[in-house]
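Student: So here's work-v1.json (JSON, C-alpha atoms and all ligand atoms).
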```
[["chain", "number", "residue", "atom", "x", "y", "z"],
["G", 22, "MET", "CA", 195.34, 91.17, 19.42],
["G", 23, "PRO", "CA", 195.70, 94.55, 17.67],
["G", 24, "SER", "CA", 199.16, 95.44, 16.36],
["G", 25, "HIS", "CA", 199.28, 98.43, 18.76],
["G", 26, "PRO", "CA", 198.09, 97.48, 22.23],
["G", 27, "ALA", "CA", 195.72, 99.94, 23.92],
["G", 28, "PHE", "CA", 197.57, 99.72, 27.24],
["G", 29, "PRO", "CA", 201.34, 99.99, 27.79],
["G", 30, "PRO", "CA", 202.88, 97.27, 30.01],
["G", 31, "ALA", "CA", 203.19, 99.67, 32.98],
["G", 32, "SER", "CA", 199.43, 100.33, 32.85],
["G", 33, "LEU", "CA", 198.65, 96.61, 32.85],
["G", 34, "GLU", "CA", 200.81, 96.32, 35.98],
["G", 35, "ALA", "CA", 198.99, 99.27, 37.53],
["G", 36, "PHE", "CA", 195.64, 97.71, 36.66],
["G", 37, "ALA", "CA", 196.71, 94.46, 38.31],
["G", 38, "ALA", "CA", 197.36, 96.39, 41.52],
["G", 39, "LEU", "CA", 193.89, 98.05, 41.37],
["G", 40, "TYR", "CA", 191.44, 95.42, 40.17],
["G", 41, "PRO", "CA", 188.66, 94.98, 41.16],
["G", 42, "GLY", "CA", 188.14, 97.29, 44.15],
["G", 43, "SER", "CA", 190.30, 100.38, 43.69],
["G", 44, "PRO", "CA", 190.00, 103.26, 41.25],
["G", 45, "GLY", "CA", 193.15, 104.53, 39.59],
["G", 46, "LYS", "CA", 194.65, 106.07, 36.49],
["G", 47, "LEU", "CA", 196.16, 104.17, 33.57],
["G", 48, "ALA", "CA", 197.51, 105.28, 30.19],
["G", 49, "HIS", "CA", 196.12, 104.25, 26.80],
["G", 50, "SER", "CA", 197.03, 104.70, 23.14],
["G", 51, "LEU", "CA", 193.63, 105.09, 21.42],
["G", 52, "VAL", "CA", 193.86, 108.88, 20.94],
["G", 53, "GLY", "CA", 193.55, 109.51, 17.18],
["G", 54, "HIS", "CA", 191.97, 106.10, 16.52],
["G", 55, "PRO", "CA", 189.99, 106.41, 13.24],
["G", 56, "LEU", "CA", 186.82, 104.90, 14.82],
["G", 57, "LEU", "CA", 186.81, 107.54, 17.57],
["G", 58, "THR", "CA", 186.72, 110.82, 15.63],
["G", 59, "LEU", "CA", 183.61, 113.00, 15.83],
["G", 60, "ASP", "CA", 182.74, 112.16, 12.19],
["G", 61, "ALA", "CA", 183.12, 108.41, 12.75],
["G", 62, "LEU", "CA", 181.00, 108.64, 15.91],
["G", 63, "ALA", "CA", 178.26, 110.58, 14.11],
["G", 64, "ASP", "CA", 178.16, 107.70, 11.59],
["G", 65, "LEU", "CA", 178.08, 105.17, 14.43],
["G", 66, "ALA", "CA", 175.17, 107.01, 16.06],
["G", 67, "GLY", "CA", 173.23, 106.73, 12.79],
["G", 68, "LYS", "CA", 173.79, 102.93, 12.72],
["G", 69, "LEU", "CA", 172.81, 102.13, 16.32],
["G", 70, "PRO", "CA", 169.20, 101.26, 17.18],
["G", 71, "GLU", "CA", 167.21, 104.07, 18.77],
["G", 72, "ASP", "CA", 167.22, 102.48, 22.22],
["G", 73, "SER", "CA", 171.03, 102.45, 22.24],
["G", 74, "VAL", "CA", 171.34, 106.21, 21.99],
["G", 75, "GLU", "CA", 170.60, 108.78, 24.63],
["G", 76, "TYR", "CA", 171.17, 112.50, 24.54],
["G", 77, "ASN", "CA", 170.35, 115.43, 26.73],
["G", 78, "PRO", "CA", 171.28, 119.04, 27.24],
["G", 79, "GLY", "CA", 174.50, 119.52, 29.25],
["G", 80, "LYS", "CA", 175.06, 121.84, 32.21],
["G", 81, "LEU", "CA", 172.69, 119.89, 34.48],
["G", 82, "PRO", "CA", 172.98, 120.34, 38.26],
["G", 83, "ILE", "CA", 174.66, 117.23, 39.74],
["G", 84, "GLY", "CA", 171.58, 116.16, 41.73],
["G", 85, "ILE", "CA", 168.82, 116.85, 39.18],
["G", 86, "ALA", "CA", 165.58, 114.90, 39.63],
["G", 87, "PRO", "CA", 164.74, 112.63, 36.67],
["G", 88, "GLU", "CA", 161.50, 114.46, 35.88],
["G", 89, "ASP", "CA", 163.41, 117.74, 35.64],
["G", 90, "VAL", "CA", 165.79, 116.57, 32.86],
["G", 91, "PRO", "CA", 164.85, 118.56, 29.74],
["G", 92, "LYS", "CA", 164.70, 116.96, 26.29],
["G", 93, "SER", "CA", 167.08, 118.16, 23.60],
["G", 94, "LYS", "CA", 165.49, 119.71, 20.54],
["G", 95, "LEU", "CA", 168.45, 119.10, 18.22],
["G", 96, "GLY", "CA", 168.57, 115.89, 16.27],
["G", 97, "LEU", "CA", 171.10, 113.31, 17.38],
["G", 98, "VAL", "CA", 173.61, 113.44, 14.52],
["G", 99, "GLU", "CA", 173.36, 117.24, 14.45],
["G", 100, "THR", "CA", 174.00, 117.29, 18.20],
["G", 101, "ILE", "CA", 177.19, 115.28, 17.71],
["G", 102, "ARG", "CA", 178.43, 117.37, 14.81],
["G", 103, "THR", "CA", 177.79, 120.60, 16.74],
["G", 104, "ILE", "CA", 178.88, 119.31, 20.15],
["G", 105, "ASP", "CA", 181.32, 122.24, 20.52],
["G", 106, "ARG", "CA", 178.28, 124.54, 20.93],
["G", 107, "ALA", "CA", 175.22, 122.29, 21.47],
["G", 108, "GLY", "CA", 175.32, 122.39, 25.29],
["G", 109, "SER", "CA", 174.56, 118.65, 25.25],
["G", 110, "TRP", "CA", 175.80, 115.20, 26.02],
["G", 111, "VAL", "CA", 175.34, 112.08, 23.94],
["G", 112, "ALA", "CA", 175.71, 108.47, 25.13],
["G", 113, "LEU", "CA", 176.17, 105.79, 22.47],
["G", 114, "LYS", "CA", 175.43, 102.48, 24.18],
["G", 115, "ARG", "CA", 176.47, 98.93, 23.32],
["G", 116, "ILE", "CA", 178.61, 100.12, 20.41],
["G", 117, "GLU", "CA", 179.66, 96.48, 19.85],
["G", 118, "GLN", "CA", 176.39, 96.13, 17.88],
["G", 119, "VAL", "CA", 178.36, 97.66, 14.99],
["G", 120, "PRO", "CA", 180.98, 95.05, 14.00],
["G", 121, "GLU", "CA", 184.12, 97.23, 13.78],
["G", 122, "TYR", "CA", 183.39, 98.65, 17.25],
["G", 123, "GLY", "CA", 182.79, 95.13, 18.57],
["G", 124, "ALA", "CA", 186.24, 94.15, 17.31],
["G", 125, "LEU", "CA", 187.81, 97.20, 18.98],
["G", 126, "LEU", "CA", 186.08, 96.42, 22.29],
["G", 127, "ARG", "CA", 187.13, 92.77, 22.26],
["G", 128, "ASP", "CA", 190.74, 93.69, 21.37],
["G", 129, "VAL", "CA", 191.01, 96.18, 24.23],
["G", 130, "LEU", "CA", 189.43, 93.89, 26.82],
["G", 131, "ALA", "CA", 191.57, 90.92, 25.73],
["G", 132, "GLU", "CA", 194.54, 92.89, 27.11],
["G", 133, "VAL", "CA", 193.18, 92.83, 30.69],
["G", 134, "LYS", "CA", 191.68, 89.33, 30.68],
["G", 135, "ASP", "CA", 194.62, 87.69, 32.45],
["G", 136, "VAL", "CA", 194.19, 90.09, 35.39],
["G", 137, "VAL", "CA", 190.39, 89.90, 35.53],
["G", 138, "ALA", "CA", 189.49, 86.24, 35.11],
["G", 139, "PRO", "CA", 191.49, 84.78, 38.04],
["G", 140, "ARG", "CA", 189.90, 87.29, 40.44],
["G", 141, "THR", "CA", 186.26, 87.90, 39.48],
["G", 142, "GLY", "CA", 185.70, 84.96, 37.12],
["G", 143, "LYS", "CA", 185.02, 84.84, 33.41],
["G", 144, "MET", "CA", 184.55, 88.20, 31.65],
["G", 145, "LEU", "CA", 180.89, 88.38, 30.67],
["G", 146, "GLN", "CA", 178.61, 90.77, 28.77],
["G", 147, "LEU", "CA", 181.35, 92.88, 27.15],
["G", 148, "GLU", "CA", 179.86, 96.29, 26.32],
["G", 149, "GLY", "CA", 181.27, 99.57, 25.02],
["G", 150, "PHE", "CA", 179.89, 103.06, 25.54],
["G", 151, "VAL", "CA", 180.95, 106.38, 24.00],
["G", 152, "PHE", "CA", 180.21, 109.67, 25.74],
["G", 153, "ILE", "CA", 180.36, 112.87, 23.69],
["G", 154, "THR", "CA", 179.95, 116.02, 25.75],
["G", 155, "SER", "CA", 179.80, 119.75, 25.16],
["G", 156, "PRO", "CA", 182.19, 122.08, 27.01],
["G", 157, "GLY", "CA", 181.29, 122.39, 30.69],
["G", 158, "GLY", "CA", 178.69, 119.59, 30.62],
["G", 159, "VAL", "CA", 177.88, 117.69, 33.82],
["G", 160, "THR", "CA", 176.90, 114.04, 34.21],
["G", 161, "PRO", "CA", 174.88, 113.79, 37.44],
["G", 162, "PHE", "CA", 175.71, 111.61, 40.47],
["G", 163, "HIS", "CA", 175.04, 107.92, 39.70],
["G", 164, "PHE", "CA", 176.57, 104.46, 39.68],
["G", 165, "ASP", "CA", 176.86, 101.76, 37.03],
["G", 166, "PRO", "CA", 176.57, 97.96, 37.19],
["G", 167, "GLU", "CA", 179.72, 97.22, 35.17],
["G", 168, "HIS", "CA", 183.44, 96.89, 35.73],
["G", 169, "ASN", "CA", 184.68, 99.84, 33.68],
["G", 170, "ILE", "CA", 187.80, 101.35, 32.16],
["G", 171, "LEU", "CA", 187.05, 104.88, 30.95],
["G", 172, "MET", "CA", 189.43, 106.06, 28.21],
["G", 173, "GLN", "CA", 189.66, 109.80, 27.54],
["G", 174, "ILE", "CA", 189.99, 110.42, 23.78],
["G", 175, "ARG", "CA", 189.46, 114.15, 23.35],
["G", 176, "GLY", "CA", 189.03, 117.12, 25.72],
["G", 177, "SER", "CA", 189.29, 116.88, 29.48],
["G", 178, "LYS", "CA", 187.02, 115.97, 32.37],
["G", 179, "VAL", "CA", 187.13, 115.48, 36.11],
["G", 180, "MET", "CA", 185.44, 112.36, 37.43],
["G", 181, "THR", "CA", 184.75, 112.51, 41.16],
["G", 182, "LEU", "CA", 184.42, 109.05, 42.72],
["G", 183, "PHE", "CA", 182.81, 108.14, 46.04],
["G", 184, "PRO", "CA", 183.13, 105.08, 48.27],
["G", 185, "VAL", "CA", 180.73, 102.29, 47.33],
["G", 186, "GLU", "CA", 180.31, 100.74, 50.78],
["G", 187, "ASP", "CA", 179.35, 104.02, 52.52],
["G", 188, "GLU", "CA", 175.67, 103.65, 53.42],
["G", 189, "GLU", "CA", 175.51, 107.33, 54.44],
["G", 190, "LEU", "CA", 175.72, 108.16, 50.72],
["G", 191, "PHE", "CA", 172.81, 105.84, 50.00],
["G", 192, "ALA", "CA", 171.29, 103.01, 51.96],
["G", 193, "ALA", "CA", 171.10, 99.32, 51.06],
["G", 194, "PRO", "CA", 167.53, 99.57, 49.65],
["G", 195, "VAL", "CA", 168.88, 101.90, 46.93],
["G", 196, "HIS", "CA", 171.27, 99.14, 45.82],
["G", 197, "GLU", "CA", 168.42, 96.64, 45.92],
["G", 198, "ALA", "CA", 166.10, 98.83, 43.86],
["G", 199, "PHE", "CA", 168.95, 99.29, 41.34],
["G", 200, "HIS", "CA", 169.36, 95.53, 40.86],
["G", 201, "LEU", "CA", 165.61, 95.03, 40.59],
["G", 202, "GLY", "CA", 165.45, 97.71, 37.88],
["G", 203, "GLU", "CA", 163.27, 99.94, 40.06],
["G", 204, "HIS", "CA", 165.77, 102.77, 40.31],
["G", 205, "HIS", "CA", 166.36, 105.85, 38.19],
["G", 206, "ARG", "CA", 169.98, 106.24, 37.15],
["G", 207, "ASN", "CA", 170.61, 109.50, 39.02],
["G", 208, "LEU", "CA", 171.18, 109.16, 42.77],
["G", 209, "PRO", "CA", 169.88, 111.74, 45.23],
["G", 210, "TRP", "CA", 172.67, 114.25, 45.94],
["G", 211, "GLN", "CA", 173.37, 116.18, 49.12],
["G", 212, "ASP", "CA", 176.02, 118.90, 49.26],
["G", 213, "ASP", "CA", 177.63, 117.36, 52.36],
["G", 214, "PHE", "CA", 178.59, 114.30, 50.24],
["G", 215, "ALA", "CA", 181.19, 116.45, 48.43],
["G", 216, "ALA", "CA", 183.85, 115.99, 51.14],
["G", 217, "LYS", "CA", 183.84, 112.21, 50.52],
["G", 218, "GLY", "CA", 184.65, 112.57, 46.81],
["G", 219, "LEU", "CA", 187.96, 111.72, 45.13],
["G", 220, "PRO", "CA", 188.35, 113.97, 42.04],
["G", 221, "ILE", "CA", 190.44, 112.51, 39.20],
["G", 222, "ASP", "CA", 191.54, 114.66, 36.22],
["G", 223, "LEU", "CA", 191.49, 113.03, 32.81],
["G", 224, "VAL", "CA", 193.10, 114.32, 29.62],
["G", 225, "PRO", "CA", 193.50, 112.56, 26.25],
["G", 226, "GLY", "CA", 195.62, 109.43, 26.73],
["G", 227, "ASP", "CA", 194.46, 108.95, 30.33],
["G", 228, "ALA", "CA", 192.29, 106.02, 31.33],
["G", 229, "LEU", "CA", 190.58, 105.40, 34.64],
["G", 230, "HIS", "CA", 189.62, 102.14, 36.27],
["G", 231, "VAL", "CA", 186.14, 102.74, 37.71],
["G", 232, "PRO", "CA", 185.30, 99.83, 40.03],
["G", 233, "VAL", "CA", 181.82, 98.35, 39.67],
["G", 234, "LYS", "CA", 179.07, 100.51, 41.24],
["G", 235, "ARG", "CA", 181.44, 103.24, 42.45],
["G", 236, "PRO", "CA", 179.21, 106.34, 42.65],
["G", 237, "HIS", "CA", 180.53, 109.23, 40.56],
["G", 238, "TRP", "CA", 179.69, 112.45, 38.84],
["G", 239, "VAL", "CA", 181.55, 114.10, 35.97],
["G", 240, "GLN", "CA", 182.46, 117.68, 35.18],
["G", 241, "ASN", "CA", 183.62, 118.25, 31.61],
["G", 242, "GLY", "CA", 186.38, 120.71, 30.81],
["G", 243, "PRO", "CA", 186.29, 123.73, 28.46],
["G", 244, "GLU", "CA", 186.64, 121.65, 25.23],
["G", 245, "PRO", "CA", 184.24, 119.15, 23.67],
["G", 246, "SER", "CA", 184.95, 115.74, 25.19],
["G", 247, "ILE", "CA", 184.95, 112.20, 23.81],
["G", 248, "SER", "CA", 185.35, 109.24, 26.18],
["G", 249, "LEU", "CA", 185.17, 105.51, 25.53],
["G", 250, "SER", "CA", 184.08, 103.16, 28.31],
["G", 251, "VAL", "CA", 185.03, 99.51, 27.90],
["G", 252, "THR", "CA", 182.99, 97.44, 30.35],
["G", 253, "TRP", "CA", 182.32, 93.90, 31.42],
["G", 254, "ARG", "CA", 180.39, 91.96, 34.02],
["G", 255, "SER", "CA", 181.74, 89.03, 35.95],
["G", 256, "GLU", "CA", 180.56, 86.05, 37.97],
["G", 257, "TRP", "CA", 181.29, 88.22, 41.00],
["G", 258, "THR", "CA", 179.04, 91.10, 39.90],
["G", 259, "TYR", "CA", 176.19, 88.72, 39.05],
["G", 260, "ALA", "CA", 176.45, 87.16, 42.53],
["G", 261, "GLU", "CA", 176.44, 90.57, 44.22],
["G", 262, "ALA", "CA", 173.41, 91.66, 42.19],
["G", 263, "ASP", "CA", 171.46, 88.49, 43.04],
["G", 264, "ALA", "CA", 172.43, 88.74, 46.73],
["G", 265, "ARG", "CA", 171.06, 92.31, 46.74],
["G", 266, "ALA", "CA", 167.84, 91.10, 45.12],
["G", 267, "PHE", "CA", 167.54, 88.35, 47.75],
["G", 268, "ASN", "CA", 168.00, 90.98, 50.46],
["G", 269, "ALA", "CA", 165.13, 92.96, 48.94],
["G", 270, "LEU", "CA", 162.88, 89.91, 49.45],
["G", 271, "LEU", "CA", 164.06, 89.58, 53.07],
["G", 272, "ARG", "CA", 163.40, 93.27, 53.62],
["G", 273, "LYS", "CA", 159.88, 92.96, 52.18],
["G", 274, "ALA", "CA", 159.36, 90.17, 54.73],
["G", 275, "GLY", "CA", 160.21, 92.65, 57.50],
["G", 276, "LEU", "CA", 163.82, 91.55, 58.10],
["G", 277, "HIS", "CA", 166.99, 93.70, 58.17],
["G", 278, "PRO", "CA", 169.48, 91.72, 56.06],
["G", 279, "LYS", "CA", 173.24, 92.30, 56.18],
["G", 280, "SER", "CA", 174.54, 93.96, 53.00],
["G", 281, "PRO", "CA", 176.65, 91.82, 50.63],
["G", 282, "GLY", "CA", 180.37, 92.05, 51.28],
["G", 283, "ALA", "CA", 182.93, 93.82, 49.10],
["G", 284, "PHE", "CA", 185.33, 91.76, 46.98],
["G", 285, "PRO", "CA", 186.84, 89.25, 47.84],
["G", 286, "GLU", "CA", 183.67, 88.17, 49.65],
["G", 287, "GLN", "CA", 181.73, 86.08, 47.12],
["G", 288, "ASN", "CA", 178.08, 86.44, 48.24],
["G", 289, "ARG", "CA", 177.34, 82.96, 46.88],
["G", 290, "ALA", "CA", 174.79, 81.70, 49.41],
["G", 291, "LYS", "CA", 172.33, 84.55, 48.95],
["G", 292, "ALA", "CA", 172.90, 84.60, 45.18],
["G", 293, "LEU", "CA", 172.10, 80.87, 44.95],
["G", 294, "ALA", "CA", 169.02, 81.35, 47.15],
["G", 295, "PHE", "CA", 167.73, 84.13, 44.90],
["G", 296, "ARG", "CA", 168.43, 82.09, 41.74],
["G", 297, "ALA", "CA", 166.47, 79.17, 43.22],
["G", 298, "ILE", "CA", 163.50, 81.43, 43.96],
["G", 299, "ARG", "CA", 163.68, 82.97, 40.49],
["G", 300, "ARG", "CA", 163.56, 79.48, 38.96],
["G", 301, "ILE", "CA", 160.53, 78.49, 41.05],
["G", 302, "LYS", "CA", 158.77, 81.68, 40.03],
["G", 303, "GLY", "CA", 159.65, 80.89, 36.40],
["Q", 401, "FE", "FE", 178.84, 106.42, 34.88]]
```
Would you put the structure from the file into structure tokens?

Tutor:
Amino acid sequence: MPSHPAFPPASLEAFAALYPGSPGKLAHSLVGHPLLTLDALADLAGKLPEDSVEYNPGKLPIGIAPEDVPKSKLGLVETIRTIDRAGSWVALKRIEQVPEYGALLRDVLAEVKDVVAPRTGKMLQLEGFVFITSPGGVTPFHFDPEHNILMQIRGSKVMTLFPVEDEELFAAPVHEAFHLGEHHRNLPWQDDFAAKGLPIDLVPGDALHVPVKRPHWVQNGPEPSISLSVTWRSEWTYAEADARAFNALLRKAGLHPKSPGAFPEQNRAKALAFRAIRRIKG
């Protein structure tokens, strides 16, 4: 455990009331952490393998098609150092590959383990992500496969979250394609979705519990922004993913399978069926 916990006791209580299904704000104490300055993050970017770094121009429309995303011309480290004017965003993925960031990630997640494990099973695949964004940048509408706590370190942003079970936003086959790796990250956006969004303001010291696969898009504020996402998977998320993949097989066979249930439904039967098929197929 670190000498200064990342979450005050009241935030751990709040998290216990939210996890795993509900989004909500928490507080954290990582603002000013020496590993999370722009200089430290530029060094981190230089140490990560190429496939763990992604960067793009900012100011993208929230529903941009993948083939329309332009490529940044600035080099990565230069983009980070000039993020106040680069019009870009940078994602540093799986920061735990660099040992001091791995230690930070494990310390932070150890604080929530006693809430997580009894509900969704063992914490698995701990991963950290850092997002560095120019003023006004937009992250398009998408969802992520991890349980996530997003910690705002510098600048402000508004994350707008949407219900995950609402099949008017996107139908079950979109979930299935996602779990089979046949899906681009950005989801198709329609302007009439906006009314279903829950916007949440984040400033330095705020954290946000983003439940697994909650669709969201992000509008950055007028300052450069740094956010840290601490994420994990669980036995529950693996079962949901495998149940979705099993449904994809049923759908290919011409059936109309029922979508996996939200937590606390466990989705075990379909997950076990898919795992058995995967083993047979080798
Ligand atoms: Fe995301």

Student: Considering all atoms listed in the file, can you say which of G:Pro285, G:Pro245, G:Gly123, G:Pro26 comes closest to Pro41 of chain G?

Tutor: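 Nearest to Pro41 of chain G: G:Pro285.
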
Student: Which value, in Å to one decimal, gives the distance between atom CA of Lys217 of chain G and atom CA of Ala112 of chain G?

Tutor: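 About the pair atom CA of Lys217 of chain G and atom CA of Ala112 of chain G: they are 26.9 Å apart.
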
Student: Glu261 of chain G: which residues within 12 Å, counting only C-alpha atoms, same-chain residues fewer than 6 positions away excluded, as a PyMOL selection string?

Tutor: chain G and resi 141+166-167+196-197+199-200+233-234+254-255+267-268+280-293+295-296

Student: Taking all atoms listed in the file into account, which residues have an atom no farther than 12 Å from ligand FE 401 (chain Q)? I'd like them as a ChimeraX atom specification.

Tutor: /G:112,114,150-152,159-171,180-183,206-208,229-240,248-252

Student: For a test of reading the model, state the distance in Å between atom CA of Lys134 of chain G and atom CA of Val74 of chain G, rounded to one decimal.

Tutor: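 It comes out at 27.8 Å.
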
Student: What is the atom CA of Gly202 of chain G to atom CA of Met172 of chain G distance in Å?

Tutor: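 Here the two named atoms are 27.2 Å from each other.
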
Student: Just checking: using all atoms listed in the file, which residue out of G:Arg127, G:Lys68, G:His204, G:His49 ends up closest to Val98 of chain G?

Tutor: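 Using all atoms listed in the file, Val98 of chain G sits closest to G:Lys68.
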
Student: I'd like to know which of G:Gly157, G:Gly242, G:Pro194, G:Pro225 is closest to Leu47 of chain G, using all atoms listed in the file.

Tutor: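 Nearest candidate to Leu47 of chain G out of G:Gly157, G:Gly242, G:Pro194, G:Pro225: G:Pro225.
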
Student: Skip Leu59 of chain G itself and residues of its chain fewer than 3 positions away, then list as an mmCIF file with C-alpha atoms, in the frame of the given file all residues within 8 Å of it, counting all atoms listed in the file.

Tutor:
```
data_model
loop_
_atom_site.group_PDB
_atom_site.id
_atom_site.type_symbol
_atom_site.label_atom_id
_atom_site.label_comp_id
_atom_site.auth_asym_id
_atom_site.auth_seq_id
_atom_site.Cartn_x
_atom_site.Cartn_y
_atom_site.Cartn_z
ATOM 1 C CA LEU G 62 181.000 108.640 15.910
ATOM 2 C CA ALA G 63 178.260 110.580 14.110
ATOM 3 C CA ILE G 101 177.190 115.280 17.710
ATOM 4 C CA ARG G 102 178.430 117.370 14.810
#
```

Student: For Leu130 of chain G, which residue among G:Pro87, G:Pro220, G:Gly149, G:Pro156 is the nearest when counting all atoms listed in the file?

Tutor: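 Among the listed residues, G:Gly149 lies closest to Leu130 of chain G.
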
Student: Name the closest residue to Ile247 of chain G among the candidates G:Asp263, G:Glu99, G:Glu121, G:Asp105; distances are taken between atoms, counting all atoms listed in the file.

Tutor: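 The closest residue to Ile247 of chain G is G:Asp105.
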
Student: Closest to Asp89 of chain G among G:Pro243, G:Asn77, G:Gly142, G:Pro184, using only C-alpha atoms?

Tutor: G:Asn77
